[in-house]
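Structure file query.txt with compact mmCIF, C-alpha atoms and all ligand atoms:
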```txt
# COMPACT_ATOMS: atom_id res chain seq x y z
CA MET A 1 97.56 20.86 -41.47
CA SER A 2 98.04 24.61 -42.07
CA ALA A 3 95.98 27.11 -40.04
CA VAL A 4 94.03 28.04 -43.21
CA ASP A 5 93.12 24.38 -43.81
CA ALA A 6 92.02 24.12 -40.20
CA VAL A 7 89.65 27.10 -40.63
CA ARG A 8 88.27 25.60 -43.84
CA GLU A 9 87.55 22.32 -42.06
CA ILE A 10 85.86 24.14 -39.19
CA GLU A 11 83.68 25.94 -41.73
CA GLU A 12 82.65 22.72 -43.47
CA GLN A 13 81.74 20.97 -40.24
CA ALA A 14 79.96 24.00 -38.86
CA ARG A 15 77.79 24.43 -41.95
CA ALA A 16 76.88 20.72 -42.01
CA GLY A 17 76.09 20.80 -38.28
CA LEU A 18 73.86 23.83 -38.66
CA ALA A 19 71.93 22.27 -41.53
CA ALA A 20 71.31 19.18 -39.38
CA ALA A 21 70.11 21.11 -36.32
CA SER A 22 66.32 20.81 -36.30
CA ASP A 23 65.21 22.53 -33.09
CA GLU A 24 66.15 25.32 -30.69
CA ARG A 25 68.04 22.98 -28.41
CA ALA A 26 70.24 21.66 -31.28
CA LEU A 27 70.89 25.26 -32.43
CA GLU A 28 72.09 26.22 -28.97
CA ALA A 29 74.38 23.18 -28.78
CA TRP A 30 75.77 24.07 -32.20
CA ARG A 31 76.37 27.71 -31.19
CA SER A 32 78.23 26.66 -28.08
CA ALA A 33 80.39 24.10 -29.99
CA VAL A 34 81.40 26.58 -32.72
CA LEU A 35 81.03 30.15 -31.50
CA GLY A 36 80.92 29.67 -27.72
CA ARG A 37 83.74 30.47 -25.29
CA SER A 38 85.44 27.16 -25.92
CA GLY A 39 84.02 26.70 -29.41
CA SER A 40 86.13 25.56 -32.37
CA LEU A 41 86.21 28.92 -34.19
CA THR A 42 86.77 30.87 -30.97
CA GLY A 43 89.81 28.62 -30.38
CA VAL A 44 91.26 29.65 -33.74
CA LEU A 45 90.71 33.36 -33.06
CA ARG A 46 92.31 33.03 -29.68
CA SER A 47 95.44 31.39 -31.10
CA LEU A 48 96.08 34.22 -33.62
CA GLY A 49 98.49 35.95 -31.22
CA GLU A 50 100.90 33.06 -31.47
CA LEU A 51 101.29 33.47 -35.27
CA ALA A 52 103.76 35.47 -37.32
CA PRO A 53 102.37 38.94 -38.31
CA GLU A 54 101.90 37.99 -42.01
CA GLU A 55 100.04 34.81 -41.24
CA ARG A 56 98.07 36.46 -38.42
CA ARG A 57 96.66 39.07 -40.77
CA ALA A 58 95.57 36.60 -43.43
CA LEU A 59 94.07 34.06 -41.04
CA GLY A 60 92.56 36.73 -38.81
CA ALA A 61 90.66 38.22 -41.73
CA ALA A 62 89.41 34.78 -42.86
CA ALA A 63 88.41 33.66 -39.33
CA ASN A 64 86.58 36.90 -38.55
CA ARG A 65 84.74 36.80 -41.86
CA LEU A 66 83.71 33.20 -41.12
CA LYS A 67 82.56 34.18 -37.62
CA GLY A 68 80.29 36.88 -39.12
CA GLU A 69 78.92 34.50 -41.73
CA LEU A 70 78.23 31.74 -39.24
CA GLU A 71 76.42 34.10 -36.86
CA ALA A 72 74.20 35.25 -39.75
CA ALA A 73 73.65 31.61 -40.82
CA LEU A 74 72.59 30.74 -37.26
CA GLU A 75 69.93 33.46 -37.28
CA ALA A 76 68.73 32.39 -40.73
CA ARG A 77 68.43 28.77 -39.62
CA ARG A 78 66.56 29.82 -36.49
CA ASP A 79 64.03 31.76 -38.60
CA GLU A 80 63.65 28.85 -40.98
CA LEU A 81 62.85 26.44 -38.13
CA LYS A 82 60.31 28.87 -36.66
CA GLN A 83 58.53 29.10 -39.99
CA THR A 84 58.44 25.31 -40.36
CA ALA A 85 56.99 24.93 -36.83
CA LEU A 86 54.37 27.58 -37.52
CA ARG A 87 53.34 25.93 -40.77
CA ALA A 88 53.01 22.55 -39.03
CA SER A 89 50.82 23.94 -36.25
CA VAL A 90 48.57 25.78 -38.68
CA THR A 91 48.12 22.65 -40.81
CA ALA A 92 47.47 20.43 -37.77
CA GLY A 93 44.80 22.73 -36.34
CA ALA A 94 43.18 23.48 -39.66
CA LEU A 95 39.52 22.70 -40.31
CA ASP A 96 39.08 20.63 -43.43
CA VAL A 97 35.60 21.57 -44.55
CA THR A 98 35.61 18.86 -47.22
CA LEU A 99 35.70 16.01 -44.64
CA PRO A 100 32.39 14.20 -43.99
CA GLY A 101 30.78 15.14 -40.64
CA ARG A 102 30.86 12.83 -37.63
CA PRO A 103 27.67 10.76 -37.43
CA LEU A 104 25.23 11.85 -34.72
CA HIS A 105 23.80 9.01 -32.65
CA ARG A 106 20.07 9.00 -33.14
CA GLY A 107 18.00 8.57 -30.01
CA ARG A 108 15.32 5.92 -30.06
CA TYR A 109 12.40 4.76 -27.99
CA HIS A 110 12.70 2.01 -25.43
CA PRO A 111 10.96 -1.21 -26.59
CA LEU A 112 8.56 -0.94 -23.63
CA THR A 113 7.62 2.62 -24.64
CA LEU A 114 6.98 1.42 -28.20
CA THR A 115 4.87 -1.47 -26.92
CA LEU A 116 2.90 0.65 -24.47
CA ARG A 117 2.14 3.23 -27.16
CA GLU A 118 0.94 0.50 -29.50
CA ILE A 119 -1.28 -1.01 -26.80
CA LEU A 120 -2.86 2.34 -25.94
CA ALA A 121 -3.30 3.30 -29.59
CA THR A 122 -5.07 -0.02 -30.22
CA PHE A 123 -7.53 0.61 -27.39
CA GLU A 124 -7.98 4.26 -28.31
CA ARG A 125 -9.12 3.09 -31.74
CA MET A 126 -11.76 1.01 -29.93
CA GLY A 127 -12.97 4.06 -28.01
CA PHE A 128 -11.07 3.72 -24.72
CA ALA A 129 -9.87 6.89 -22.94
CA THR A 130 -6.39 6.73 -21.35
CA ILE A 131 -6.36 7.58 -17.62
CA GLU A 132 -3.52 7.46 -15.09
CA GLY A 133 -3.48 6.87 -11.34
CA PRO A 134 -1.11 6.98 -8.34
CA GLU A 135 1.77 4.50 -7.86
CA ILE A 136 1.63 4.94 -4.09
CA GLU A 137 -1.72 3.53 -3.12
CA HIS A 138 -3.88 2.86 -0.08
CA ASP A 139 -4.59 -0.67 1.02
CA ALA A 140 -8.23 0.47 0.76
CA TYR A 141 -8.02 0.75 -3.05
CA ASN A 142 -5.31 -1.81 -3.85
CA PHE A 143 -7.07 -4.58 -1.88
CA GLU A 144 -10.18 -3.74 0.19
CA ALA A 145 -12.25 -2.12 -2.58
CA LEU A 146 -11.42 -5.12 -4.79
CA ARG A 147 -12.92 -7.60 -2.32
CA ILE A 148 -9.55 -8.62 -0.90
CA PRO A 149 -9.78 -8.02 2.88
CA ALA A 150 -6.72 -8.26 5.16
CA ASP A 151 -7.15 -11.96 5.92
CA HIS A 152 -8.03 -13.02 2.35
CA PRO A 153 -5.73 -15.73 0.93
CA ALA A 154 -5.76 -13.91 -2.45
CA ARG A 155 -3.38 -11.32 -0.91
CA ASP A 156 -0.67 -13.94 -1.39
CA MET A 157 -1.08 -13.46 -5.16
CA TRP A 158 0.44 -9.99 -4.81
CA ASP A 159 3.49 -9.85 -2.54
CA THR A 160 3.53 -6.26 -1.45
CA PHE A 161 6.03 -3.47 -0.77
CA TRP A 162 4.50 -1.71 2.24
CA LEU A 163 5.41 1.91 2.98
CA ASP A 164 5.94 3.40 6.39
CA SER A 165 3.42 6.25 6.47
CA GLY A 166 4.18 7.13 10.10
CA GLY A 167 0.71 5.94 11.11
CA GLU A 168 -1.01 8.67 9.10
CA TRP A 169 -2.84 6.37 6.74
CA GLU A 170 -3.53 3.51 9.14
CA GLY A 171 -7.26 4.21 8.88
CA ALA A 172 -7.05 3.37 5.18
CA GLY A 173 -5.08 0.22 5.99
CA GLY A 174 -1.66 1.74 5.33
CA LEU A 175 0.25 2.76 2.23
CA LEU A 176 1.89 0.54 -0.34
CA LEU A 177 3.38 0.53 -3.83
CA ARG A 178 0.45 -0.59 -5.95
CA THR A 179 0.76 -4.25 -6.92
CA HIS A 180 -1.50 -3.85 -9.96
CA THR A 181 -3.43 -1.14 -11.84
CA SER A 182 -6.80 -2.53 -10.68
CA PRO A 183 -7.19 0.03 -7.83
CA MET A 184 -7.97 2.55 -10.58
CA GLN A 185 -11.17 0.59 -11.28
CA ALA A 186 -12.48 1.62 -7.86
CA ARG A 187 -11.05 5.15 -8.00
CA TYR A 188 -12.64 5.82 -11.39
CA MET A 189 -16.04 4.28 -10.63
CA GLU A 190 -16.23 6.28 -7.39
CA THR A 191 -16.21 9.53 -9.34
CA HIS A 192 -17.83 8.58 -12.67
CA GLU A 193 -21.11 7.21 -13.89
CA PRO A 194 -21.47 4.65 -16.70
CA PRO A 195 -20.88 4.41 -19.58
CA ILE A 196 -17.18 3.87 -18.75
CA ARG A 197 -14.51 2.75 -21.17
CA ILE A 198 -10.97 3.43 -19.88
CA ALA A 199 -7.41 2.11 -20.29
CA VAL A 200 -5.04 2.76 -17.37
CA PRO A 201 -1.29 2.32 -17.95
CA GLY A 202 1.15 2.36 -15.04
CA ARG A 203 4.03 0.88 -13.11
CA CYS A 204 3.34 -1.73 -10.45
CA TYR A 205 5.62 -3.26 -7.84
CA ARG A 206 5.81 -6.74 -6.39
CA TYR A 207 8.03 -8.10 -3.66
CA GLU A 208 9.03 -11.22 -5.54
CA ALA A 209 12.08 -13.00 -6.95
CA THR A 210 12.91 -12.23 -10.57
CA ASP A 211 13.26 -14.80 -13.36
CA ALA A 212 12.93 -14.87 -17.17
CA THR A 213 9.24 -13.81 -17.01
CA HIS A 214 8.98 -11.97 -13.66
CA GLU A 215 10.31 -8.57 -12.60
CA TRP A 216 9.79 -6.82 -9.25
CA MET A 217 8.69 -3.72 -11.15
CA LEU A 218 6.32 -4.22 -14.06
CA GLN A 219 4.00 -2.16 -16.21
CA GLN A 220 0.37 -3.00 -16.66
CA VAL A 221 -2.52 -1.63 -18.66
CA GLU A 222 -5.89 -1.98 -16.96
CA LEU A 223 -9.13 -1.96 -18.94
CA LEU A 224 -12.53 -1.15 -17.49
CA VAL A 225 -15.80 -1.13 -19.40
CA VAL A 226 -19.12 -0.56 -17.65
CA ASP A 227 -22.30 -0.01 -19.60
CA GLU A 228 -25.74 -1.44 -20.26
CA GLY A 229 -25.67 -4.96 -21.62
CA VAL A 230 -21.91 -5.58 -21.42
CA SER A 231 -21.31 -9.34 -21.58
CA MET A 232 -18.56 -11.93 -21.65
CA ALA A 233 -18.84 -11.81 -25.45
CA ASP A 234 -17.71 -8.15 -25.36
CA LEU A 235 -14.75 -9.08 -23.19
CA LYS A 236 -13.76 -11.90 -25.51
CA GLY A 237 -14.27 -9.88 -28.70
CA THR A 238 -12.32 -6.88 -27.40
CA LEU A 239 -9.37 -8.93 -26.22
CA GLN A 240 -9.29 -11.11 -29.33
CA GLU A 241 -9.27 -8.01 -31.50
CA PHE A 242 -6.46 -6.59 -29.38
CA ALA A 243 -4.40 -9.79 -29.65
CA ARG A 244 -4.84 -9.86 -33.42
CA ALA A 245 -3.71 -6.22 -33.70
CA MET A 246 -0.67 -6.76 -31.48
CA PHE A 247 0.57 -10.18 -32.57
CA GLY A 248 -0.92 -10.82 -36.01
CA PRO A 249 -3.58 -13.36 -37.03
CA GLU A 250 -1.23 -16.38 -37.01
CA ARG A 251 -0.53 -16.22 -33.26
CA ARG A 252 -2.67 -18.55 -31.14
CA VAL A 253 -4.45 -16.98 -28.16
CA MET A 254 -5.91 -19.02 -25.30
CA MET A 255 -8.49 -17.99 -22.73
CA ARG A 256 -8.91 -20.18 -19.67
CA ASN A 257 -10.59 -20.09 -16.28
CA SER A 258 -8.92 -18.16 -13.50
CA TYR A 259 -9.76 -16.54 -10.18
CA PHE A 260 -9.55 -12.90 -9.07
CA PRO A 261 -11.81 -11.77 -6.17
CA PHE A 262 -12.97 -8.67 -8.07
CA VAL A 263 -14.36 -10.46 -11.16
CA GLU A 264 -16.85 -13.24 -11.72
CA PRO A 265 -16.18 -15.22 -13.82
CA GLY A 266 -12.42 -14.67 -14.08
CA VAL A 267 -10.15 -15.68 -16.95
CA GLU A 268 -6.55 -15.45 -17.94
CA ILE A 269 -5.25 -14.99 -21.44
CA ALA A 270 -2.10 -16.56 -22.80
CA VAL A 271 -0.32 -16.48 -26.17
CA ASP A 272 1.55 -19.45 -27.65
CA CYS A 273 5.26 -19.55 -26.75
CA PHE A 274 7.50 -17.99 -29.43
CA ALA A 275 10.63 -19.47 -27.87
CA CYS A 276 9.84 -23.20 -28.04
CA ALA A 277 6.23 -23.57 -29.30
CA GLY A 278 5.73 -25.96 -26.39
CA THR A 279 8.49 -28.36 -27.42
CA ASN A 280 10.99 -27.67 -24.63
CA PRO A 281 10.02 -28.90 -21.13
CA SER A 282 12.62 -26.58 -19.52
CA CYS A 283 11.84 -23.48 -21.66
CA PRO A 284 12.46 -20.36 -19.49
CA VAL A 285 9.63 -18.46 -21.22
CA CYS A 286 6.73 -20.95 -20.86
CA ARG A 287 8.26 -23.56 -18.54
CA GLY A 288 7.23 -26.21 -21.03
CA SER A 289 3.52 -25.28 -21.01
CA GLY A 290 3.65 -23.80 -24.54
CA TRP A 291 1.87 -20.61 -23.33
CA LEU A 292 2.92 -17.21 -21.94
CA GLU A 293 0.31 -15.54 -19.76
CA ILE A 294 -0.27 -11.91 -20.68
CA MET A 295 -3.33 -10.86 -18.73
CA GLY A 296 -6.03 -11.54 -16.21
CA ALA A 297 -9.62 -10.46 -16.94
CA GLY A 298 -13.25 -11.07 -16.10
CA MET A 299 -16.72 -9.62 -15.57
CA VAL A 300 -16.69 -6.93 -12.86
CA HIS A 301 -18.07 -8.51 -9.68
CA PRO A 302 -21.67 -7.26 -9.12
CA GLU A 303 -20.87 -6.58 -5.47
CA ILE A 304 -18.30 -3.97 -6.58
CA LEU A 305 -20.78 -2.29 -8.92
CA GLU A 306 -23.30 -2.24 -6.08
CA ARG A 307 -20.77 -0.65 -3.69
CA MET A 308 -20.24 2.11 -6.26
CA GLY A 309 -23.96 2.81 -6.20
CA TYR A 310 -24.59 1.56 -9.75
CA GLU A 311 -27.88 -0.13 -10.63
CA THR A 312 -26.72 -3.71 -11.06
CA GLU A 313 -29.85 -4.75 -12.99
CA ARG A 314 -28.97 -2.14 -15.55
CA TYR A 315 -25.19 -2.06 -15.67
CA THR A 316 -22.58 -4.75 -16.11
CA GLY A 317 -18.90 -4.51 -16.96
CA PHE A 318 -15.67 -6.25 -17.73
CA ALA A 319 -12.11 -5.54 -16.63
CA ALA A 320 -8.65 -6.76 -17.64
CA GLY A 321 -5.07 -6.19 -16.51
CA MET A 322 -2.22 -6.97 -18.90
CA GLY A 323 1.57 -7.09 -18.52
CA VAL A 324 3.36 -4.71 -20.91
CA GLU A 325 6.74 -6.49 -20.60
CA ARG A 326 5.18 -9.87 -21.45
CA ILE A 327 3.53 -8.36 -24.53
CA ALA A 328 6.87 -6.78 -25.57
CA MET A 329 8.58 -10.18 -25.12
CA LEU A 330 6.07 -11.75 -27.51
CA ARG A 331 6.24 -8.93 -30.04
CA TYR A 332 10.02 -8.79 -30.25
CA GLY A 333 10.95 -12.39 -29.36
CA VAL A 334 12.80 -11.36 -26.18
CA ASP A 335 13.30 -14.48 -24.08
CA ASP A 336 14.23 -12.82 -20.77
CA ILE A 337 12.22 -9.97 -19.23
CA ARG A 338 15.26 -8.71 -17.29
CA ASN A 339 16.79 -7.40 -20.54
CA PHE A 340 14.29 -4.53 -20.53
CA TYR A 341 15.62 -2.87 -17.40
CA GLN A 342 19.37 -3.43 -17.69
CA ASN A 343 20.05 -0.45 -19.98
CA ASP A 344 22.48 -2.45 -22.10
CA LEU A 345 22.86 -0.42 -25.29
CA ARG A 346 23.65 -3.52 -27.34
CA PHE A 347 20.13 -4.74 -26.50
CA LEU A 348 18.37 -1.36 -26.80
CA ARG A 349 19.90 -0.47 -30.20
CA GLN A 350 18.03 -3.37 -31.80
CA PHE A 351 14.67 -1.61 -31.59
C1 LIG A 401 -3.49 -8.88 -11.88
O1 LIG A 401 -2.59 -8.10 -11.57
C2 LIG A 401 -4.91 -8.44 -11.95
N1 LIG A 401 -5.03 -7.12 -11.42
C3 LIG A 401 -5.39 -8.52 -13.40
C4 LIG A 401 -6.87 -8.35 -13.57
C5 LIG A 401 -7.39 -7.10 -13.86
C6 LIG A 401 -7.73 -9.42 -13.46
C7 LIG A 401 -8.76 -6.93 -14.04
C8 LIG A 401 -9.08 -9.28 -13.64
C9 LIG A 401 -9.58 -8.03 -13.94
P1 LIG A 401 -1.86 -10.86 -12.41
O2 LIG A 401 -1.17 -10.87 -11.10
O3 LIG A 401 -2.11 -12.19 -13.03
O4 LIG A 401 -3.28 -10.14 -12.28
O5 LIG A 401 -1.07 -9.95 -13.43
C10 LIG A 401 -1.59 -9.60 -14.68
C11 LIG A 401 -0.50 -9.65 -15.75
O6 LIG A 401 0.59 -8.85 -15.34
C12 LIG A 401 0.07 -11.05 -15.93
O7 LIG A 401 -0.71 -11.79 -16.85
C13 LIG A 401 1.42 -10.74 -16.49
O8 LIG A 401 1.33 -10.45 -17.87
C14 LIG A 401 1.81 -9.48 -15.76
N2 LIG A 401 2.63 -9.78 -14.58
C15 LIG A 401 2.24 -10.17 -13.36
N3 LIG A 401 3.29 -10.31 -12.53
C16 LIG A 401 4.39 -9.99 -13.23
C17 LIG A 401 5.79 -9.92 -12.95
N4 LIG A 401 6.27 -10.18 -11.75
N5 LIG A 401 6.64 -9.54 -13.93
C18 LIG A 401 6.15 -9.24 -15.16
N6 LIG A 401 4.87 -9.29 -15.49
C19 LIG A 401 3.97 -9.66 -14.55
```
Could you render the structure as structure tokens?
Ligand code: FA5
Amino acid sequence: MSAVDAVREIEEQARAGLAAASDERALEAWRSAVLGRSGSLTGVLRSLGELAPEERRALGAAANRLKGELEAALEARRDELKQTALRASVTAGALDVTLPGRPLHRGRYHPLTLTLREILATFERMGFATIEGPEIEHDAYNFEALRIPADHPARDMWDTFWLDSGGEWEGAGGLLLRTHTSPMQARYMETHEPPIRIAVPGRCYRYEATDATHEWMLQQVELLVVDEGVSMADLKGTLQEFARAMFGPERRVMMRNSYFPFVEPGVEIAVDCFACAGTNPSCPVCRGSGWLEIMGAGMVHPEILERMGYETERYTGFAAGMGVERIAMLRYGVDDIRNFYQNDLRFLRQF
């Protein structure tokens, strides 16, 4: 191959190589292979001295021209790649205002909040005022004022979380997490005269094992009505009206005898089981009874009214304490109370 042919071949390969180089690293490799100290074109220029003068002149001119052209082509290719990279980064970071926005997750109320609001709204419509009380309570209000002295077997009905008050409240029998909202009956009557018509929502705590219908923390709503001529018929009518508003007219509601030391007579109220309608002996919701208990109630014990200084010939009253979680279970068909406090979004998003 003549020296001129060799230069032509170098040119062809160099131009193809440059066109294929797609980043700075490939450009540098190309520069070193063609124009570098031991590059192909540099080799040709270096060998010029060995040629005859005629040939040296012709080849020298061609090789030097090529060197100039390739150096310019290298710079042009480098610019071209920079432009391409810039365009790509601008496109990638661009804001496309025609795209639909990302959906915002809407917050929603917890099913127990929804249920509690519905319960309170129902009683507000019947003229009850909503009142709140302390979660940390004295034995004196949680038990003593409700006719449950220290040695009374009824204390077993409410397994208690006792608090260490460092002896400060021993005179009041010690401190505890209230086991029910009933202490607010005594607190309210102490400072108010009849007529009384209040609803008291609040958290209560019980030292007991959990299952499908029992939690160690539960919410109750207490009702207290004291006025002239209040009778068992008022209790029944109020609670029946409430049940109809909460569960609809087709739900069956049962009232049966029960015992609480602070009412006489005492009753409990249950609603027919949505899970099995009484057909499954091992139903976790009703344990085969066909009924889910939602509240205890009764006529306020006259001894309590007397202790509050009320004229018992003139005033009578009724009280009730209902479980908010149980009512939510019935309203939404939730067959395990523990779902309410697990914060599982798959459960909560259903409401
Ligand atoms: C009481 O707590 C009484 N203070 C109710 C009362 C008030 C009676 C006024 C008379 C007059 P009881 O322990 O049965 O009673 O609880 C009342 C309701 O709270 C139950 O019907 C049930 O719906 C709910 N409840 C009780 N324990 C739990 C628990 N561990 N988990 C979830 N709900 C519960």
Surroundings of ligand LIG 401 (chain A) up to 8 Å, based on all atoms listed in the file, as a PyMOL selection string: chain A and resi 157-158+179-182+205-206+208+210+213-220+222-224+260+262-263+266-270+293-300+318-327+337
Atom-to-atom span, CA of Gly317 in chain A and CA of Glu124 in chain A, Å: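 So the answer is 18.0 Å.
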CA of Ile10 in chain A to CA of Thr42 in chain A, straight-line distance in Å: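 So the two atoms, CA of Thr42 in chain A and CA of Ile10 in chain A, lie 10.7 Å apart.
Note that CA of Asp227 in chain A and CA of Ile131 in chain A are 17.8 Å apart.
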Contact residues around Gly278 in chain A with all atoms listed in the file at 12 Å, ignoring same-chain residues under 4 positions, as a PyMOL selection string: chain A and resi 271-274+282-292
Write out the residues from the selection above, keeping C-alpha atoms, as a PDB file, in the frame of the given file.
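What landed in result39.pdb:
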```pdb
ATOM      1  CA  VAL A 271      -0.320 -16.480 -26.170  1.00  0.00           C
ATOM      2  CA  ASP A 272       1.550 -19.450 -27.650  1.00  0.00           C
ATOM      3  CA  CYS A 273       5.260 -19.550 -26.750  1.00  0.00           C
ATOM      4  CA  PHE A 274       7.500 -17.990 -29.430  1.00  0.00           C
ATOM      5  CA  SER A 282      12.620 -26.580 -19.520  1.00  0.00           C
ATOM      6  CA  CYS A 283      11.840 -23.480 -21.660  1.00  0.00           C
ATOM      7  CA  PRO A 284      12.460 -20.360 -19.490  1.00  0.00           C
ATOM      8  CA  VAL A 285       9.630 -18.460 -21.220  1.00  0.00           C
ATOM      9  CA  CYS A 286       6.730 -20.950 -20.860  1.00  0.00           C
ATOM     10  CA  ARG A 287       8.260 -23.560 -18.540  1.00  0.00           C
ATOM     11  CA  GLY A 288       7.230 -26.210 -21.030  1.00  0.00           C
ATOM     12  CA  SER A 289       3.520 -25.280 -21.010  1.00  0.00           C
ATOM     13  CA  GLY A 290       3.650 -23.800 -24.540  1.00  0.00           C
ATOM     14  CA  TRP A 291       1.870 -20.610 -23.330  1.00  0.00           C
ATOM     15  CA  LEU A 292       2.920 -17.210 -21.940  1.00  0.00           C
TER      16      LEU A 292
END
```
Option closest in space to Gly68 in chain A, from A:Val230, A:Ala26, A:Leu41, A:Leu114 [counting only C-alpha atoms]: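 Smallest separation from Gly68 in chain A among the options: A:Leu41.
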Box for range 265-270 of chain A - axis-aligned, 8 Å on each of the six sides, all listed atoms - centre and size in Å to one decimal, as lines of an AutoDock Vina configuration file.
```
center_x = -9.1
center_y = -15.6
center_z = -18.3
size_x = 30.1
size_y = 17.9
size_z = 25.0
```
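With only C-alpha atoms taken into account, every residue lying no more than 8 Å from the file point (-13.6, -3.3, -3.0) is included here: A:Ala140, A:Tyr141, A:Phe143, A:Glu144, A:Ala145, A:Leu146, A:Arg147, A:Ile148, A:Ala186, A:Phe262, A:Ile304, A:Arg307.
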Which residue of A:Pro111, A:Gly39, A:Pro201, A:Pro100 approaches Gly333 in chain A most closely, using all atoms listed in the file: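 When distances to Gly333 in chain A are compared using all atoms listed in the file, the smallest one comes from A:Pro111.
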Given only C-alpha atoms as the counted atoms, nearest of A:Glu193, A:Glu11, A:Glu250, A:Glu137 to Glu71 in chain A: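 Smallest separation from Glu71 in chain A among the options: A:Glu11.
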Best match for closeness to Leu70 in chain A among A:Leu95, A:Leu51, A:Val34, A:Leu104, counting only C-alpha atoms: A:Val34
Residue list as a ChimeraX atom specification for point (-10.0, 1.6, -23.4), cut-off 8 Å, all atoms listed in the file: /A:120,123-124,126-130,197-200,223-225
Nearest-residue call for Val334 in chain A, choices A:Leu112, A:Pro195, A:Glu241, A:His138, using all atoms listed in the file: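 Among the listed residues, A:Leu112 lies closest to Val334 in chain A.
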